[in-house]
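Structure first, then comments.
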Amino acid sequence: MFKKILIANRGEIACRVIRAAKELGIKTVAIHSEADKESMHVTMADESVCVGPASASESYLNIPSIISAAEITGADAIHPGYGFLAENTYFAEVCESCGITFIGPKRSSIEKMGDKIAARQLMIKSKVPVVPGSDGPISADDPNIYKLAEKIGYPIIIKATAGGGGKGMRVVVSQEALKNSIIMAQTEAKANFGNPDVYMEKYIEEPHHIEFQILGDSKGKVVYLPERDCSIQRRHQKLVEESPSPFISESLRKKMGKAAQSAAEAVGYITVGTVEFLVDKNMDFYFMEMNTRIQVEHPVTEIVTGIDLVKEQIRLAAGERLSFDSSAIKIKNHAIECRINAEDPDKDFIPSPGKIGKLYLPGGPGIRVDTHVYSGYTIPPFYDSLIAKIIAYAPTREETISKMSRALKEVIIEGIKNTASLHAKIMNNEYFHEGNICTDFLPKYVFNNRNSEE
Ligand code: MV4
């Protein structure tokens with residue numbers, strides 16, 4: 001097992017990892033920017049190193065500075081959290097070449113899943129269902145694209161092979177728009193990812209976003225855990241996540257879980273990761289992408305399985321074996337997570353950094369709060385706006401919603417705007433209560449405007 005872990009991150013996830021390390025008896029090193037001297041993760045860790053100025057590119061993304069911090073403090077592993085360097089293959093490689101374990105999958109797994117066209121092909125080979133689409137990159141000058149789009153059936157969606165998380169996608173409803181949309185998608189892909197390749201898929205309307213947590217060990221064993229439903233999103237940012245999904249039956253759970261397991265096995269996955277699927281109205285499911293990191297929404301899975309995913313991730317990175325099978329997992333309770341952001345929901349979610357005055361976060365039976373903020377803390381304007389995750393759990397979905405509503409009413413965060421009021425509206429929504437939560441939920445039922453997502 002590791003003796004000392006450096007956490008190459010900030011905010012709630014840095015605190016979450018420090019807690020797991022402490023429980024495992026591992027020493028911790030925080031890194032921070034000049035803007036984060038007063039941050040909770042710095043206080044919680046055994047040691048801390050300032051790695052650069054406020055801007056993330058000079059601090060939390062500054063590879064030479066982070067590696068130096070690990071060497072000076074004698075850390076034998078680095079946990080990247082999510083975002084920043086978590087899916088950076090170059091960083092993973094530099095860690096390994098310096099004799100420091102990167103707590104995450106192998107570089108080759110990140111690379112294979114990072115190229116979306118290659119990942120699609122690999123999934124087809126591994127018998128994981130994918131959305132009908134092109135076999136490789138498409139070109140606007142190729143006359144065959146019209147036949148292909150016709151065969152798939154409009155609407156279709158054009159995606160970047162280097163994309164992911166919703167960036168650079170384009171929906172095409174008829175052949176008139178096809179050629180131009182391909183050219184525009186390629187231009188955007190080149191500008192955003194440095195790779196202009198795009199591909200075509202059938203557009204699945206009003207899908208559910210269902211994802212499976214998987215874990216893999218270095219002996220090649222992979223297990224899957226029950227799904228998370230992350231259908232409530234705004235501009236590709238998840239807002240509410242829950243487990244189990246109100247939409248998934250026991251038999252579909254098993255089928256999709258096994259597909260997630262095959263996806264992870266196909267890339268030789270170790271540690272923890274997530275396989276994302278789209279599920280349509282007919283309960284047909286399709287591989288969308290794989291996230292090769294611990295995710296923001298991991299707590300809902302921890303609650304329903306009783307597994308500490310961050311501790312497992314650290315143990316698996318240290319070479320320990322998985323000690324359980326998917327079939328041994330019984331779902332206990334229902335769990336819902338609401339992400340509280342420092343944003344103004346009444347002003348188009350404009351970020352609202354600044355000093356927190358009075359602060360009261362909810363508690364009591366069935367509530368977990370993961371946060372790094374405290375009264376008197378100043379939220380810097382430089383990083384993402386997540387300030388707290390409220391997780392509610394109870395035996396049934398209805399009781400969980402009722403607990404979450406109660407918890408949201410307890411929230412007091414003075415000095416800045418936050419999104420707790422939007423969550424209270426979602427918890428009150430009749431369609432949400434019915435479990436009617438496709439990815440169009442917010443524009444359709446909360447903002448009453450289908451187009452506000454675009
Ligand atoms: C799709 C889709 C419909 N059909 N692919 C969004 C994020 C990126 N991973 C892929 N995304 C989508 N891909 C096909 N073939 C709809 C979306 C999508 C979406 C997916 C999950 C959750 C929210 C979403 C919001 C808009 C679009």
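Ordered as shown in the structure tokens, chains take letters A, B, and onward, while each chain numbers its residues from 1 and ligands are numbered from 1 in the order shown.
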
Where does chain A meet ligand 1 within 7 Å, residue by residue, with the nearest atom pair and distance in Å to one decimal for each, counting only C-alpha atoms and all ligand atoms, listed by chain and rising number, as JSON lines?
{"residue": "A:Val131", "atom": "CA", "partner": "ligand 1", "partner_atom_place_in_ligand_line": "15 (N)", "distance": 5.8}
{"residue": "A:Ile157", "atom": "CA", "partner": "ligand 1", "partner_atom_place_in_ligand_line": "15 (N)", "distance": 5.9}
{"residue": "A:Gly164", "atom": "CA", "partner": "ligand 1", "partner_atom_place_in_ligand_line": "9 (N)", "distance": 5.1}
{"residue": "A:Gly165", "atom": "CA", "partner": "ligand 1", "partner_atom_place_in_ligand_line": "9 (N)", "distance": 4.3}
{"residue": "A:Gly166", "atom": "CA", "partner": "ligand 1", "partner_atom_place_in_ligand_line": "7 (C)", "distance": 3.6}
{"residue": "A:Glu201", "atom": "CA", "partner": "ligand 1", "partner_atom_place_in_ligand_line": "15 (N)", "distance": 5.0}
{"residue": "A:Lys202", "atom": "CA", "partner": "ligand 1", "partner_atom_place_in_ligand_line": "15 (N)", "distance": 5.0}
{"residue": "A:Tyr203", "atom": "CA", "partner": "ligand 1", "partner_atom_place_in_ligand_line": "4 (N)", "distance": 3.6}
{"residue": "A:Ile204", "atom": "CA", "partner": "ligand 1", "partner_atom_place_in_ligand_line": "4 (N)", "distance": 3.8}
{"residue": "A:Glu205", "atom": "CA", "partner": "ligand 1", "partner_atom_place_in_ligand_line": "3 (C)", "distance": 6.0}
{"residue": "A:Pro207", "atom": "CA", "partner": "ligand 1", "partner_atom_place_in_ligand_line": "3 (C)", "distance": 6.7}
{"residue": "A:His208", "atom": "CA", "partner": "ligand 1", "partner_atom_place_in_ligand_line": "21 (C)", "distance": 6.8}
{"residue": "A:His209", "atom": "CA", "partner": "ligand 1", "partner_atom_place_in_ligand_line": "21 (C)", "distance": 4.8}
{"residue": "A:Ser231", "atom": "CA", "partner": "ligand 1", "partner_atom_place_in_ligand_line": "22 (C)", "distance": 5.6}
{"residue": "A:Gln233", "atom": "CA", "partner": "ligand 1", "partner_atom_place_in_ligand_line": "23 (C)", "distance": 5.8}
{"residue": "A:Arg235", "atom": "CA", "partner": "ligand 1", "partner_atom_place_in_ligand_line": "25 (C)", "distance": 6.8}
{"residue": "A:His236", "atom": "CA", "partner": "ligand 1", "partner_atom_place_in_ligand_line": "23 (C)", "distance": 5.6}
{"residue": "A:Leu278", "atom": "CA", "partner": "ligand 1", "partner_atom_place_in_ligand_line": "21 (C)", "distance": 6.7}
{"residue": "A:Met288", "atom": "CA", "partner": "ligand 1", "partner_atom_place_in_ligand_line": "9 (N)", "distance": 6.1}
{"residue": "A:Glu289", "atom": "CA", "partner": "ligand 1", "partner_atom_place_in_ligand_line": "9 (N)", "distance": 6.3}
{"residue": "A:Thr439", "atom": "CA", "partner": "ligand 1", "partner_atom_place_in_ligand_line": "23 (C)", "distance": 4.8}

Test item: residues at most 6 Å from region 96-110 of chain A, only C-alpha atoms, excluding those fewer than 4 positions along its chain, as a ChimeraX atom specification = /A:76-79,89,92,114,267,269-271,317

Got time to write the residues from that selection, C-alpha atoms, as a compact mmCIF listing (two decimals), in the first residue's frame?
# COMPACT_ATOMS: atom_id res chain seq x y z
CA ASP A 76 4.59 7.54 -3.87
CA ALA A 77 1.24 8.05 -5.65
CA ILE A 78 -0.82 10.88 -7.13
CA HIS A 79 -4.63 10.99 -7.08
CA THR A 89 -2.41 10.44 -20.69
CA ALA A 92 -0.19 9.55 -16.30
CA GLY A 114 -10.59 8.92 -25.72
CA VAL A 267 -9.57 -1.85 -22.69
CA TYR A 269 -9.41 -1.39 -17.26
CA ILE A 270 -8.00 -1.09 -13.74
CA THR A 271 -9.26 1.03 -10.78
CA ALA A 317 -4.13 1.23 -7.90

Which polymer residues have any atom within 7 Å of an atom of Ile7 (chain A), counting only C-alpha atoms, with same-chain residues fewer than 3 positions away left out, as a ChimeraX atom specification?
-> /A:14,29-31,78-80

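Near Ile152 (chain A), within a cut-off of 9 Å and counting only C-alpha atoms, sit the residues Pro132, Gly133, Ser134, Lys147, Leu148, Ile156, Glu201 and Lys202 of chain A, with same-chain residues fewer than 4 positions away left out.
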
Write out as a list of chain:residue names the residues lying within 10 Å of Ala56 (chain A), counting only C-alpha atoms and excluding same-chain residues fewer than 2 positions away.
->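 Here the answer would be A:His32, A:Ser33, A:Gly52, A:Pro53, A:Ala54, A:Glu58, A:Ser59, A:Tyr60, A:Leu61, A:Asn62, A:Phe84, A:Phe382, A:Tyr383.
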
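Using only C-alpha atoms, the smallest distance between any of A:Ala259, A:Ile314, A:Ile350, A:Ile214 and Met1 (chain A) comes from A:Ile314.
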
Could you state the separation of CA of Phe447 (chain A) and CA of Gln237 (chain A) in Å, given to one decimal place?
->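 Computing the Euclidean distance for CA of Phe447 (chain A) and CA of Gln237 (chain A) yields 15.8 Å.
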
Any chance you could list, as a ChimeraX atom specification, the residues in region 155-381 of chain A that come up strand (DSSP E or B) when DSSP is run on the backbone?
-> /A:156-160,164,167,170-172,198-202,208-216,222-234,237-243,271-279,285-291,334-341,343-344,350-351,354-355,359-360,367-371,378-379

Would you list the contacts of region 250-253 of chain A as a PyMOL selection string, taking every protein, DNA or RNA residue within 12 Å and counting only C-alpha atoms, but skipping same-chain residues closer than 3 positions in sequence?
-> chain A and resi 210-213+224-229+243-247+256-261+277+279+282-285+326-327+330-331

Just want the 8 Å neighbourhood of Pro137 (chain A), counted on only C-alpha atoms, with same-chain residues fewer than 6 positions away dropped. Output as a compact mmCIF listing (two decimals) with N, CA, C and O atoms, in the first residue's frame.
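The file below, around_35.txt, is the result:
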# COMPACT_ATOMS: atom_id res chain seq x y z
N ILE A 117 -14.28 7.25 -32.24
CA ILE A 117 -14.51 6.35 -33.38
C ILE A 117 -13.88 4.99 -33.09
O ILE A 117 -14.52 3.94 -33.27
N THR A 161 -14.59 12.89 -33.02
CA THR A 161 -13.94 11.68 -32.50
C THR A 161 -13.09 12.00 -31.27
O THR A 161 -12.90 11.16 -30.40
N ASP A 197 -11.65 15.23 -37.16
CA ASP A 197 -12.47 14.07 -37.52
C ASP A 197 -13.82 14.05 -36.81
O ASP A 197 -13.90 14.24 -35.60
N VAL A 198 -14.87 13.81 -37.61
CA VAL A 198 -16.21 13.67 -37.05
C VAL A 198 -16.87 12.40 -37.58
O VAL A 198 -16.46 11.87 -38.61
N TYR A 199 -17.88 11.90 -36.89
CA TYR A 199 -18.60 10.72 -37.33
C TYR A 199 -20.09 10.94 -37.15
O TYR A 199 -20.52 11.94 -36.56
N MET A 200 -20.87 10.00 -37.68
CA MET A 200 -22.32 10.16 -37.72
C MET A 200 -22.99 9.05 -36.91
O MET A 200 -22.54 7.91 -36.93

For Phe432 (chain A), which of A:Ile391, A:Ile401, A:Ala75, A:Cys50 is the closest residue, counting only C-alpha atoms?
->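 Counting only C-alpha atoms, the residue closest to Phe432 (chain A) is A:Ile401.
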